[in-house]
Every structure is written in structure tokens, then in C-alpha cells.
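Data block for final_31.cif (mmCIF, C-alpha atoms):
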```cif
data_upload
loop_
_atom_site.label_atom_id
_atom_site.label_comp_id
_atom_site.auth_asym_id
_atom_site.auth_seq_id
_atom_site.Cartn_x
_atom_site.Cartn_y
_atom_site.Cartn_z
CA MET I 241 -7.16 -31.83 -8.73
CA ASN I 242 -10.10 -34.05 -7.72
CA VAL I 243 -10.49 -35.78 -11.09
CA PRO I 244 -9.48 -39.48 -11.05
CA CYS I 245 -6.20 -39.89 -12.87
CA THR I 246 -3.45 -42.33 -13.70
CA LEU I 247 0.28 -41.73 -14.00
CA VAL I 248 1.05 -42.48 -17.64
CA MET I 249 4.65 -41.47 -18.22
CA LEU I 250 7.81 -39.71 -17.17
CA ALA I 251 9.22 -37.61 -20.00
CA ALA I 252 12.43 -35.62 -20.47
CA LEU I 253 12.30 -31.83 -20.73
CA ALA I 254 15.33 -29.63 -21.36
CA GLY I 255 15.99 -27.15 -18.57
CA GLY I 256 17.54 -23.70 -18.72
CA VAL I 257 21.05 -22.58 -17.86
CA GLY I 258 22.13 -20.66 -14.78
CA ALA I 259 23.10 -21.22 -11.15
CA GLY I 260 21.33 -24.28 -9.81
CA VAL I 261 19.69 -25.02 -13.19
CA PRO I 262 20.67 -28.03 -15.32
CA PRO I 263 22.51 -27.36 -18.60
CA PRO I 264 20.43 -27.46 -21.81
CA ASP I 265 21.26 -31.11 -22.52
CA ALA I 266 20.30 -32.36 -19.05
CA PRO I 267 16.89 -34.08 -18.79
CA VAL I 268 14.36 -33.05 -16.17
CA LEU I 269 11.63 -35.50 -15.19
CA GLN I 270 8.16 -34.46 -16.30
CA VAL I 271 5.09 -36.11 -14.80
CA ARG I 272 1.94 -36.23 -16.92
CA LEU I 273 -1.43 -37.53 -15.78
CA GLN I 274 -4.19 -39.28 -17.71
CA LEU I 275 -7.56 -38.04 -16.50
CA SER I 276 -10.70 -40.17 -16.27
CA ASP I 277 -12.04 -38.60 -19.47
CA GLY I 278 -8.99 -39.84 -21.37
CA SER I 279 -7.31 -36.43 -21.64
CA ILE I 280 -3.73 -35.75 -20.57
CA TYR I 281 -2.66 -33.02 -18.12
CA PRO I 282 -0.63 -31.10 -18.94
CA ALA I 283 -1.37 -31.54 -22.64
CA SER I 284 1.89 -29.78 -23.45
CA ARG I 285 4.80 -28.40 -21.50
CA ALA I 286 7.52 -25.94 -22.46
CA ALA I 287 10.51 -24.37 -20.73
CA ILE I 288 11.72 -20.78 -21.13
CA ALA I 289 15.08 -19.76 -19.67
CA LEU I 290 16.18 -16.11 -19.78
CA ALA I 291 17.12 -13.15 -17.59
CA GLY I 292 18.05 -15.40 -14.67
CA VAL I 293 14.71 -17.22 -14.48
CA THR I 294 13.54 -20.60 -15.70
CA ALA I 295 9.82 -20.70 -16.42
CA GLN I 296 8.00 -23.99 -16.78
CA VAL I 297 4.85 -23.50 -18.87
CA ASP I 298 2.01 -26.03 -18.70
CA PHE I 299 -0.91 -25.94 -21.14
CA GLY I 300 -4.19 -27.47 -20.06
CA ASP I 301 -4.66 -28.30 -23.73
CA THR I 302 -3.24 -27.03 -27.02
CA ASP I 303 -6.51 -26.30 -28.83
CA PHE I 304 -5.72 -22.68 -29.67
CA THR I 305 -6.65 -21.27 -33.08
CA ASN I 306 -3.11 -19.95 -33.59
CA GLY I 307 -1.29 -22.69 -31.70
CA THR I 308 0.82 -22.29 -28.56
CA ALA I 309 3.88 -20.58 -30.11
CA PRO I 310 2.42 -17.03 -29.83
CA ILE I 311 1.54 -17.73 -26.19
CA GLU I 312 5.07 -18.88 -25.41
CA ALA I 313 6.41 -15.72 -27.11
CA TRP I 314 4.04 -13.62 -24.98
CA ILE I 315 5.26 -15.28 -21.78
CA GLU I 316 8.89 -14.74 -22.80
CA ARG I 317 8.24 -11.08 -23.65
CA SER I 318 6.50 -10.53 -20.30
CA LEU I 319 9.44 -12.12 -18.46
CA ARG I 320 11.83 -9.72 -20.20
CA ILE I 321 9.66 -6.69 -19.43
CA VAL I 322 9.50 -7.44 -15.71
CA ALA I 323 13.18 -8.42 -15.51
CA GLY I 324 14.06 -5.13 -17.20
CA TYR I 325 12.13 -3.07 -14.68
CA TYR I 326 13.55 -4.84 -11.63
CA GLY I 327 17.07 -5.37 -12.96
CA ALA I 328 16.49 -9.13 -12.65
CA PHE I 329 13.38 -11.25 -12.59
CA PRO I 330 12.03 -11.39 -9.00
CA VAL I 331 12.32 -15.19 -8.71
CA ARG I 332 14.69 -17.80 -10.14
CA GLU I 333 12.03 -20.41 -10.95
CA LEU I 334 8.45 -19.85 -12.09
CA HIS I 335 5.57 -22.12 -13.02
CA VAL I 336 3.04 -20.68 -15.51
CA ARG I 337 -0.17 -22.65 -15.94
CA VAL I 338 -2.12 -21.67 -19.08
CA THR I 339 -5.82 -22.53 -18.81
CA PRO I 340 -7.68 -22.39 -22.13
CA VAL I 341 -11.14 -20.79 -22.05
CA ASP I 342 -13.75 -19.96 -24.66
CA GLY I 343 -13.37 -16.69 -26.56
CA ALA I 344 -10.39 -14.47 -27.33
CA GLY I 345 -7.90 -12.34 -25.45
CA VAL I 346 -6.35 -12.87 -22.03
CA GLN I 347 -9.11 -13.24 -19.46
CA GLY I 348 -7.36 -12.87 -16.13
CA GLY I 349 -4.74 -14.40 -13.89
CA THR I 350 -3.82 -15.27 -10.31
CA THR I 351 -0.38 -15.37 -8.67
CA TRP I 352 0.98 -17.35 -5.72
CA GLY I 353 4.38 -16.98 -4.08
CA ALA I 354 4.43 -20.19 -2.00
CA PRO I 355 5.10 -23.06 -1.90
CA GLU I 356 6.32 -22.17 -5.39
CA ALA I 357 6.08 -19.12 -7.63
CA LEU I 358 3.00 -19.94 -9.68
CA ILE I 359 0.90 -17.91 -12.10
CA ARG I 360 -2.31 -19.32 -13.47
CA VAL I 361 -3.56 -17.38 -16.48
CA ARG I 362 -6.74 -17.85 -18.50
CA VAL I 363 -6.29 -17.45 -22.25
CA GLY I 364 -9.02 -17.54 -24.89
CA ARG I 365 -8.72 -20.26 -27.50
CA GLN I 366 -9.13 -17.64 -30.24
CA VAL I 367 -6.48 -15.28 -28.83
CA THR I 368 -4.54 -13.37 -31.49
CA GLU I 369 -0.91 -12.28 -31.62
CA ALA I 370 -2.08 -8.65 -31.57
CA GLN I 371 -4.05 -9.24 -28.37
CA LEU I 372 -1.07 -10.91 -26.76
CA MET I 373 1.23 -8.05 -27.82
CA ASP I 374 -1.15 -5.55 -26.20
CA ASP I 375 -1.79 -7.60 -23.06
CA TRP I 376 -1.18 -6.18 -19.59
CA VAL I 377 -2.45 -9.08 -17.47
CA LEU I 378 0.67 -11.27 -17.40
CA VAL I 379 3.04 -8.38 -16.64
CA HIS I 380 0.67 -7.32 -13.84
CA GLU I 381 0.73 -10.83 -12.37
CA MET I 382 4.52 -11.12 -12.65
CA VAL I 383 5.00 -7.81 -10.83
CA HIS I 384 3.18 -9.34 -7.84
CA LEU I 385 6.13 -11.73 -7.44
CA ALA I 386 8.48 -8.85 -6.55
CA LEU I 387 6.66 -7.67 -3.42
CA PRO I 388 6.64 -9.75 -0.22
CA GLU I 389 3.34 -10.84 1.27
CA ILE I 390 2.08 -7.89 3.34
CA GLY I 391 -1.44 -9.00 4.32
CA ASP I 392 -4.97 -8.22 3.20
CA THR I 393 -5.07 -4.88 5.01
CA HIS I 394 -2.44 -3.59 2.60
CA ALA I 395 -3.76 -5.21 -0.57
CA TRP I 396 -3.94 -1.68 -2.01
CA LEU I 397 -0.12 -1.63 -2.15
CA SER I 398 0.18 -5.04 -3.78
CA GLU I 399 -2.52 -4.39 -6.39
CA GLY I 400 -1.67 -0.71 -6.77
CA LEU I 401 1.99 -1.47 -7.46
CA ALA I 402 1.10 -4.06 -10.07
CA THR I 403 -1.36 -1.64 -11.69
CA TYR I 404 1.14 1.24 -11.78
CA VAL I 405 4.32 -0.67 -12.63
CA GLU I 406 2.70 -2.64 -15.47
CA GLY I 407 2.38 0.40 -17.73
CA VAL I 408 5.74 1.92 -16.79
CA ALA I 409 7.61 -1.36 -17.28
CA ARG I 410 6.00 -1.96 -20.67
CA ALA I 411 6.89 1.58 -21.79
CA GLN I 412 10.51 1.14 -20.68
CA ALA I 413 10.68 -2.08 -22.71
CA GLY I 414 9.18 -0.50 -25.83
CA ASN I 415 5.97 -2.54 -25.58
CA LEU I 416 3.78 0.54 -24.95
CA GLU I 417 4.12 4.16 -25.98
CA PRO I 418 4.69 6.56 -23.05
CA ALA I 419 1.81 8.76 -24.24
CA ASN I 420 -0.50 5.75 -23.99
CA VAL I 421 0.69 5.04 -20.44
CA TRP I 422 -0.05 8.58 -19.35
CA ALA I 423 -3.38 8.67 -21.20
CA GLY I 424 -4.39 5.56 -19.27
CA TYR I 425 -3.38 7.14 -15.98
CA VAL I 426 -5.27 10.35 -16.77
CA ARG I 427 -8.41 8.30 -17.46
CA SER I 428 -8.12 5.87 -14.56
CA MET I 429 -6.34 7.55 -11.62
CA PRO I 430 -9.55 9.40 -10.61
CA LYS I 431 -11.05 5.97 -9.82
CA GLY I 432 -8.60 5.82 -6.92
CA LEU I 433 -9.68 9.06 -5.28
CA PRO I 434 -11.54 8.73 -1.95
CA LYS I 435 -15.32 8.96 -1.92
CA GLN I 436 -17.65 9.98 0.89
CA GLY I 437 -17.05 7.88 4.00
CA ASP I 438 -13.52 6.88 2.99
CA GLN I 439 -11.24 6.05 5.92
CA GLY I 440 -7.89 5.82 4.18
CA LEU I 441 -6.16 3.12 2.17
CA ASP I 442 -5.76 0.63 5.04
CA ARG I 443 -9.44 0.85 5.99
CA THR I 444 -11.23 1.24 2.66
CA HIS I 445 -11.17 -1.90 0.55
CA THR I 446 -13.27 -1.00 -2.47
CA TRP I 447 -12.10 -2.01 -5.95
CA GLY I 448 -11.26 1.58 -6.93
CA ARG I 449 -9.27 2.34 -3.81
CA THR I 450 -7.47 -1.03 -3.86
CA TYR I 451 -6.29 -0.92 -7.47
CA TRP I 452 -6.28 2.74 -8.46
CA GLY I 453 -5.92 4.21 -4.98
CA GLY I 454 -2.80 2.09 -4.63
CA ALA I 455 -1.63 3.13 -8.10
CA LEU I 456 -2.18 6.77 -7.15
CA PHE I 457 0.00 6.26 -4.06
CA CYS I 458 2.73 4.85 -6.33
CA LEU I 459 2.48 7.72 -8.82
CA MET I 460 2.68 10.34 -6.07
CA ALA I 461 5.63 8.52 -4.50
CA ASP I 462 7.45 8.22 -7.84
CA VAL I 463 7.04 11.91 -8.64
CA ASP I 464 8.05 12.99 -5.13
CA ILE I 465 11.13 10.73 -4.98
CA ARG I 466 12.33 12.00 -8.35
CA SER I 467 11.61 15.62 -7.45
CA ARG I 468 13.44 15.42 -4.11
CA THR I 469 16.44 13.55 -5.54
CA HIS I 470 16.63 15.64 -8.72
CA ASN I 471 15.82 12.58 -10.82
CA LYS I 472 18.69 10.55 -9.37
CA PHE I 473 16.26 7.98 -7.96
CA GLY I 474 12.67 6.94 -8.50
CA LEU I 475 10.15 4.46 -7.15
CA GLN I 476 11.80 1.86 -9.38
CA ASP I 477 14.97 2.01 -7.28
CA ALA I 478 12.97 1.57 -4.08
CA LEU I 479 11.12 -1.44 -5.50
CA ARG I 480 14.32 -3.06 -6.73
CA ALA I 481 15.72 -2.85 -3.21
CA VAL I 482 12.58 -4.42 -1.75
CA ALA I 483 12.67 -7.27 -4.28
CA ARG I 484 16.37 -7.94 -3.62
CA GLY I 485 16.06 -7.74 0.13
CA SER I 486 12.90 -9.79 0.55
CA GLY I 487 13.07 -12.38 -2.19
CA GLY I 488 9.55 -11.43 -3.23
CA LEU I 489 6.10 -12.89 -2.68
CA GLY I 490 7.31 -16.10 -1.07
CA THR I 491 8.23 -14.21 2.12
CA ASP I 492 6.18 -12.25 4.68
CA TRP I 493 7.18 -8.69 5.59
CA PRO I 494 5.33 -6.03 7.59
CA ILE I 495 4.49 -3.03 5.46
CA ASP I 496 6.77 -0.73 7.49
CA ARG I 497 9.75 -2.91 6.59
CA VAL I 498 8.81 -2.68 2.91
CA LEU I 499 8.51 1.09 3.03
CA ASP I 500 11.64 1.62 5.12
CA THR I 501 13.69 -0.60 2.78
CA GLY I 502 12.50 1.42 -0.20
CA ASP I 503 13.14 4.74 1.51
CA ASP I 504 16.65 3.70 2.54
CA ALA I 505 17.45 2.82 -1.07
CA VAL I 506 16.50 6.26 -2.41
CA GLY I 507 17.71 8.34 0.55
CA VAL I 508 14.43 10.20 1.19
CA PRO I 509 11.54 9.04 3.45
CA VAL I 510 8.85 9.53 0.81
CA LEU I 511 7.13 6.15 1.10
CA GLN I 512 6.76 6.23 4.87
CA GLU I 513 5.65 9.87 4.90
CA LEU I 514 3.05 9.28 2.21
CA TYR I 515 1.79 6.15 3.94
CA ASP I 516 1.40 8.04 7.23
CA GLN I 517 -0.75 10.59 5.39
CA MET I 518 -2.91 8.14 3.44
CA LYS I 519 -3.30 5.01 5.56
CA LYS I 520 -6.10 6.22 7.86
CA ALA I 521 -7.40 9.37 6.19
CA PRO I 522 -8.80 10.27 2.76
CA VAL I 523 -6.26 12.21 0.71
CA SER I 524 -7.41 13.77 -2.56
CA PRO I 525 -4.50 15.20 -4.57
CA ASP I 526 -5.27 17.74 -7.27
CA LEU I 527 -4.76 15.50 -10.28
CA GLU I 528 -5.39 18.21 -12.87
CA THR I 529 -2.60 20.33 -11.39
CA LEU I 530 -0.33 17.27 -11.27
CA TRP I 531 -0.93 16.49 -14.96
CA THR I 532 -0.17 20.10 -15.88
CA ARG I 533 3.04 20.13 -13.89
CA LEU I 534 4.09 16.84 -15.51
CA GLY I 535 3.42 18.26 -18.96
CA ILE I 536 0.46 16.02 -19.75
CA GLU I 537 -2.21 17.73 -21.83
CA ARG I 538 -5.53 16.11 -22.69
CA ASN I 539 -6.04 15.62 -26.42
CA GLY I 540 -9.33 13.88 -27.16
CA ASP I 541 -9.06 10.32 -25.87
CA GLY I 542 -5.27 10.64 -25.69
CA VAL I 543 -2.71 13.11 -24.39
CA THR I 544 0.03 15.36 -25.70
CA LEU I 545 3.29 15.34 -23.76
CA ARG I 546 4.87 18.77 -23.34
CA GLU I 547 8.55 19.31 -22.63
CA ASP I 548 8.26 22.81 -21.15
CA ALA I 549 6.42 21.90 -17.93
CA PRO I 550 8.04 22.12 -14.48
CA LEU I 551 8.10 18.32 -14.04
CA SER I 552 8.38 17.20 -17.66
CA ALA I 553 11.85 15.74 -16.97
CA VAL I 554 10.42 13.71 -14.10
CA ARG I 555 7.62 12.40 -16.31
CA ALA I 556 10.06 11.45 -19.07
CA ALA I 557 12.41 9.69 -16.65
CA ILE I 558 9.64 7.47 -15.27
CA THR I 559 9.00 5.74 -18.60
CA GLN I 560 12.51 6.01 -20.03
CA ARG I 561 14.50 2.81 -20.56
CA ARG I 562 17.10 2.44 -17.82
CA ARG I 563 20.81 2.43 -18.59
CA GLU I 564 22.21 -0.20 -16.26
#
```
Using C-alpha cells, write down the structure from this file.
Amino acid sequence: MNVPCTLVMLAALAGGVGAGVPPPDAPVLQVRLQLSDGSIYPASRAAIALAGVTAQVDFGDTDFTNGTAPIEAWIERSLRIVAGYYGAFPVRELHVRVTPVDGAGVQGGTTWGAPEALIRVRVGRQVTEAQLMDDWVLVHEMVHLALPEIGDTHAWLSEGLATYVEGVARAQAGNLEPANVWAGYVRSMPKGLPKQGDQGLDRTHTWGRTYWGGALFCLMADVDIRSRTHNKFGLQDALRAVARGSGGLGTDWPIDRVLDTGDDAVGVPVLQELYDQMKKAPVSPDLETLWTRLGIERNGDGVTLREDAPLSAVRAAITQRRRE
């Protein structure tokens, strides 16, 4: 921060419970700064401890129409969703910096893994509880924490995973109806198909191929893993193994180590085989046939989910809440 500032106080903040975390009655020093314009940063600070993670939440200011309580509830809900998908939250400590902006809704976020796990998220001052309940941005950003740093060449895997897992994880947690997840995929997966001149996922860095091409890779991998293991395992099991083994975004792994770790966890080499096919060449799966086999039928702007399709059990298992 390049704004002149003065240290104005050290305050006590209750921490969470868990290994290496102070008990609830133990104070933690909080540093707040007075900026040259007279404002205080952070204007407010909260702590959320659940599912094995302690999240420190800093608000740039508290001038939200509905206060900060709905935003804290949204952060807590997102933590639970991601922890549910991975079996545990990907990191033990997280810093969430909420930056107020004009307007409503959640207006984007950025995630860092080092030197600390940090998510900066922009939230409109007029944001409503309904918008926060329907938000996908924070879950997307939190999913980034579970994959090690793999380099810009493979940004399609990082962004594609976050794009794909966000909807599945929210459905498993009851925050999104499965039919809405699949309707979104039916509408958006075609954005990830290769266009003329495409040279594969590692060599084509357009927005569509990075986000939805990566998500398409994840969908194909999930369906193939479940088909080949008779629904014993899915992409979720592979990703849990990667998160456990790597420690997440704060570490650097080559992509082959990521894929091999995932494949070892599910017992079939789906990730590596699919990567070998798609990394340097355009691959255009027949999405309409895939939807039919999964039992997904277009119905206006939505879809109807059929239970008599060849892969309907695979489709249902992807968004079904896990029994641990």
C-alpha cells in the first residue's frame, strides 16, 4: 500500500480452535493503520473458524447497505462448500480481503497461494443476501487453493477445475440444484470447444479454451473415471489426493505430477491419457451425444434429467452429496 499511514493501535481478536490455532479466549494481535485521508484499514476485521480452517476477514470499509453480517455468512458458507468437496478445506489458514465497490453483487476475485493463502474479492456496497446466496465467485476462488501452482502454460487446468468444481461442489452442498448445474454446462461447455487454428490446451490461451476448455477436460475426465471404475471413484477423489499430497497453491508441481497423483488415487490413467490427447491437438467431443448418454435433455432454458439413460447413474453421482 503506497498511501501514507500511521500505526494507530494493536487490538485483540479471538482466534479459532484447532491444531496450531489459539483457543477462543486467546487474543491475537491485530494491526490497524490510519491512512492519510483519516480512514482506518482494515475498517473491520472478523475471524471464522470451521472445517479445519481459520479465515481472517478484513473489510476495506463497512459501508454496505445490508451491513457485513451477510458477507460473513457468505464467506462461511463458501468455506463449508469447498471443505465438503475436498473432505477438508485445502489450507489451514486463509486471509480474505473484502474490497467494497460501487453497485451490487460480487464483482470478481483473485487468489494467491504464497506467501500466504489470500483471496481478494470485490463486493458491491448494495449486495443483497439473495445475490450472495447465488454467488459462484468465492467458491471458484477457494477451489484455486487446492491445486498446486502449475505454470501459465497449464492455466486451463487451474481455471477449468475452478469453473467445473464450483457448480458440482455447490450442488453437493445443497446450494445449487443439480439440474441448474447441468443446464449451465449445456449452455457453456461449447465455449470450450476448439476453433479454427487451435493447437491444443497447452498452446491455445483464449478465454474460452482456458476456462471452458479446461472445464470440458474435467467433465470428460469425471465421466470417464466413473465409467471405468463403475462409479467407485470420480474426479473428486483424484483432486482430493492432489490437494492432500501437494498442500495446494502454495507449492509448485509439474503438471505430470498432478495428473499422475490423481490417476494413482482412482486406479485408472484417465487424466494422463486425456491430457496426452488434448495438450497439443484440438479435440472436439460430441457434446450432444454426451448429454444424451448422461440423461440430460434440453427443456427451454433449462434441462430435464432422465434416469433411463446409459450414464444417468454417473451423472447423478457427480452432484450427489458424499457419504464420508
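Comparing I:Asp548, I:Asp477, I:Asp526, I:Glu389 by their smallest distance to Trp493 (chain I), the closest is I:Glu389 (using only C-alpha atoms).
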Could you list, as a list in words, every residue matched by the PyMOL selection byres ((chain I and resi 561) around 7) in this structure? Gln412, Ala413, Thr559, Gln560, Arg562 and Arg563 of chain I
Take the residues from that selection and put them in a file with C-alpha atoms, as a compact mmCIF listing (two decimals), in the frame of the given file.
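This is the output file selection.txt:
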```txt
# COMPACT_ATOMS: atom_id res chain seq x y z
CA GLN I 412 10.51 1.14 -20.68
CA ALA I 413 10.68 -2.08 -22.71
CA THR I 559 9.00 5.74 -18.60
CA GLN I 560 12.51 6.01 -20.03
CA ARG I 562 17.10 2.44 -17.82
CA ARG I 563 20.81 2.43 -18.59
```
With the PyMOL selection byres ((chain I and resi 405) around 10) as the selection, what would be picked from this file? Answer as number ranges by chain, please. I: 322, 325, 379-380, 383-384, 399-404, 406-411, 455, 458-459, 475-476, 479, 559
Neighbouring residues of region 420-432 of chain I were defined as those with any atom within 7 Å, considering only C-alpha atoms; residues of the same chain fewer than 4 positions away were excluded. Please report them as a PyMOL selection string. chain I and resi 407-408+416+448-449+452-453+456+542-543
Keeping only C-alpha atoms, take the residues you just selected and write them out as a tab-separated table (two decimals), in the frame of the given file.
```tsv
chain	number	residue	atom	x	y	z
I	407	GLY	CA	2.38	0.40	-17.73
I	408	VAL	CA	5.74	1.92	-16.79
I	416	LEU	CA	3.78	0.54	-24.95
I	448	GLY	CA	-11.26	1.58	-6.93
I	449	ARG	CA	-9.27	2.34	-3.81
I	452	TRP	CA	-6.28	2.74	-8.46
I	453	GLY	CA	-5.92	4.21	-4.98
I	456	LEU	CA	-2.18	6.77	-7.15
I	542	GLY	CA	-5.27	10.64	-25.69
I	543	VAL	CA	-2.71	13.11	-24.39
```
In Å, rounded to a single decimal, give me how far CA of Val336 (chain I) is from CA of Ala478 (chain I). 26.9 Å
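Our summary of the geometry notes that CA of Lys519 (chain I) is positioned 11.8 Å from CA of Pro434 (chain I).
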Nearby residues (all atoms listed in the file) at most 7 Å from Gly502 (chain I), same-chain spacing under 2 positions excluded, as a ChimeraX atom specification: /I:478-479,481-482,498-500,504-506
CA of Ala549 (chain I) sits from CA of Gly535 (chain I) at a separation of 4.8 Å
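With distances taken over all atoms listed in the file, I:Trp396 is the one residue among I:Trp396, I:Gly485, I:Ser284, I:Gly490 lying closest to Thr446 (chain I).
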Could you state which residues are captured by the PyMOL selection byres ((chain I and resi 462) around 9) in this file, as a count of residues only? 17
So, with only C-alpha atoms as the atoms that count, which of I:Val377, I:Leu551, I:Arg365, I:Gly507 lies closest to Trp314 (chain I)? I:Val377
Answer as a ChimeraX atom specification, residues within 12 Å of (1.0, -21.3, -5.0) using all atoms listed in the file: /I:334-337,350-360,385,489-490
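Nearest-residue note for Arg480 (chain I): choosing from I:Gly540, I:Gly348, I:Gly324, I:Gly307, the minimum distance belongs to I:Gly324, counting all atoms listed in the file.
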May I ask which of the residues I:Val346, I:Leu530, I:Val508, I:Leu319 is the closest one to Val331 (chain I), counting all atoms listed in the file?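 The answer is I:Leu319, which sits nearest to Val331 (chain I).
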